[in-house]
Amino acid sequence: LVMQMQYQDPLEPVGNTEMIAQLAQFSALEQMNNLNSSIGLLTGNIDQLNFVSAASLRGRTVRGVDMNGNPIEEVRETFRLAAQSALRAFTIVYDPSDPLYSAANTKFSSVSERQFVEGIYYALMAADFELAAELARWFQNRPNGKKMDPEVNDFAFGLKYTLLDEHDKARSILRPRLDNYLKKPPKGGYKRNYFTLTTALVGILEKNEALFNEGLAMQLHFHLGDARGEYKNMPQGYICDDAVALANLGLHHGLHVTVADYRLPPGLLIRKSS
């Protein structure tokens, strides 16, 4: 990536197509690494872990074809792999029929709210709504009683019920949370992040296109701080996972995306006809 940036043609600089392809690969490898760590607590038989082996991606080039509206199937497939890895982390902990099932001897870190949301984002970025719904069915509060902050927990459950078409349950969680945010809007940090995400998701639930797009715009603005800071000159700075995932969810529910931003590439958004 550094060599790419250093030797690019100034008249034809590197576009975000290759950046997104690399981000997809990094995301998949990160999720698979998380799952490897979780499974390490459950079994010492590494031979059973081929299904999450990062080696399967070694040498694989993931390229997008067209960032101006055409689906990027290879990129989506890599996000799908990451989502499937996240799903497997949940079935290992909760599904007795899984060959590696073991609810004991685990710290449940692989099935936290954060891991769930990231897994859902990968599925939505892959435009695989059935996979997202399957993961949503397995998500629950961890058996050890540990929860993340209420803002995170509420968003995770709101996302779960939205994907399962239990919209009344989702609204009953998220609308009061959004009302609280609006009384005193967070100025920064993780609360600001979940304020933006909750705004977009409530817009989807209430079929309020203006609110939905406002949430996307807020999230892109929030992400800009990371793009110019922590993610500067990194693939993560060239695409906003949260915005792409929620944009696809909104499109899936019949809303229009009116926000335009290079970190919200049209090629990763589903088409209404699909």
# chains A, B, ... in the order shown; residues from 1 in each chain; ligands from 1
$ closest_atom_pairs --of "range 133-250 of chain A" --to "range 75-85 of chain A" --cutoff "12 Å" --atoms "only C-alpha atoms" --output "tab-separated table"
residue	atom	partner	partner_atom	distance
A:Ala133	CA	A:Ala83	CA	11.2
A:Glu134	CA	A:Gln84	CA	9.9
A:Leu135	CA	A:Ala83	CA	8.4
A:Ala136	CA	A:Ala83	CA	11.4
A:Asp241	CA	A:Phe79	CA	10.6
A:Val244	CA	A:Arg76	CA	11.9
A:Ala245	CA	A:Phe79	CA	11.0
$ write_last_selection --atoms "N, CA and C atoms" --output "PDB file, in the first residue's frame"
ATOM      1  N   ALA A 133     -29.433 -11.974   9.183  1.00  0.00           N
ATOM      2  CA  ALA A 133     -30.545 -12.413  10.023  1.00  0.00           C
ATOM      3  C   ALA A 133     -30.162 -13.653  10.830  1.00  0.00           C
ATOM      4  N   GLU A 134     -29.393 -14.557  10.217  1.00  0.00           N
ATOM      5  CA  GLU A 134     -28.968 -15.769  10.929  1.00  0.00           C
ATOM      6  C   GLU A 134     -28.081 -15.404  12.113  1.00  0.00           C
ATOM      7  N   LEU A 135     -27.167 -14.478  11.899  1.00  0.00           N
ATOM      8  CA  LEU A 135     -26.317 -14.026  13.000  1.00  0.00           C
ATOM      9  C   LEU A 135     -27.149 -13.338  14.070  1.00  0.00           C
ATOM     10  N   ALA A 136     -28.136 -12.547  13.654  1.00  0.00           N
ATOM     11  CA  ALA A 136     -28.997 -11.841  14.608  1.00  0.00           C
ATOM     12  C   ALA A 136     -29.752 -12.813  15.505  1.00  0.00           C
ATOM     13  N   ASP A 241     -17.394   1.736   7.134  1.00  0.00           N
ATOM     14  CA  ASP A 241     -18.158   0.484   7.254  1.00  0.00           C
ATOM     15  C   ASP A 241     -19.569   0.725   7.763  1.00  0.00           C
ATOM     16  N   VAL A 244     -21.843   2.335   5.085  1.00  0.00           N
ATOM     17  CA  VAL A 244     -22.163   1.413   3.991  1.00  0.00           C
ATOM     18  C   VAL A 244     -23.164   0.363   4.464  1.00  0.00           C
ATOM     19  N   ALA A 245     -22.922  -0.208   5.636  1.00  0.00           N
ATOM     20  CA  ALA A 245     -23.804  -1.255   6.151  1.00  0.00           C
ATOM     21  C   ALA A 245     -25.220  -0.723   6.377  1.00  0.00           C
TER      22      ALA A 245
END
$ residues_around --residues "Asn153 in chain A" --least-positions-apart "3" --cutoff "10 Å" --atoms "only C-alpha atoms" --output "NGL selection string"
:A and (112-114 or 117 or 140-141 or 147-150 or 156-159 or 173)
$ closest_residue --among "A:Val202, A:Ala210, A:Val257, A:Ala243" --to "Lys169 in chain A" --atoms "only C-alpha atoms"
A:Val202
$ residues_around --residues "Leu264 in chain A" --least-positions-apart "3" --cutoff "8 Å" --atoms "only C-alpha atoms" --output "number ranges by chain"
A: 239-240, 243-244, 260-261, 268
$ write_last_selection --atoms "C-alpha atoms" --output "PDB file, in the first residue's frame"
ATOM      1  CA  ILE A 239     -14.571   3.590   3.451  1.00  0.00           C
ATOM      2  CA  CYS A 240     -16.983   3.993   6.361  1.00  0.00           C
ATOM      3  CA  ALA A 243     -22.383   4.027   6.764  1.00  0.00           C
ATOM      4  CA  VAL A 244     -22.163   1.413   3.991  1.00  0.00           C
ATOM      5  CA  ALA A 260     -22.918  11.389  -1.447  1.00  0.00           C
ATOM      6  CA  ASP A 261     -19.432  10.753  -0.107  1.00  0.00           C
ATOM      7  CA  LEU A 268     -20.970  -1.442  -2.498  1.00  0.00           C
TER       8      LEU A 268
END
$ closest_residue --among "A:Asn144, A:Asn208, A:Thr198, A:Asn193" --to "Ala170 in chain A" --atoms "only C-alpha atoms"
A:Thr198
$ atom_distance --atom1 "CA of Leu246 in chain A" --atom2 "CA of Ile92 in chain A"
27.0 Å
$ closest_residue --among "A:Tyr238, A:Tyr262, A:Phe195, A:Tyr122" --to "Asp226 in chain A" --atoms "only C-alpha atoms"
A:Tyr238
$ closest_residue --among "A:Val111, A:Leu164, A:Leu201, A:Ala123" --to "Lys146 in chain A" --atoms "only C-alpha atoms"
A:Val111
$ select_by_dssp --residues "range 61-234 of chain A" --states "helix (DSSP H, G or I)" --output "PyMOL selection string"
chain A and resi 73-94+109-111+113-125+129-138+150-163+167-183+189-205+209-228
$ residues_around --residues "Glu151 in chain A" --least-positions-apart "4" --cutoff "8 Å" --atoms "only C-alpha atoms" --output "VMD selection string"
chain A and resid 155 177 191 194
$ write_last_selection --atoms "C-alpha atoms" --output "PDB file, in the first residue's frame"
ATOM      1  CA  PHE A 155     -27.928  -0.370  19.464  1.00  0.00           C
ATOM      2  CA  ARG A 177     -32.438   6.205  23.351  1.00  0.00           C
ATOM      3  CA  LYS A 191     -21.538   8.124  22.580  1.00  0.00           C
ATOM      4  CA  TYR A 194     -23.773   5.577  18.637  1.00  0.00           C
TER       5      TYR A 194
END
$ atom_distance --atom1 "CA of Tyr101 in chain A" --atom2 "CA of Trp138 in chain A"
13.5 Å
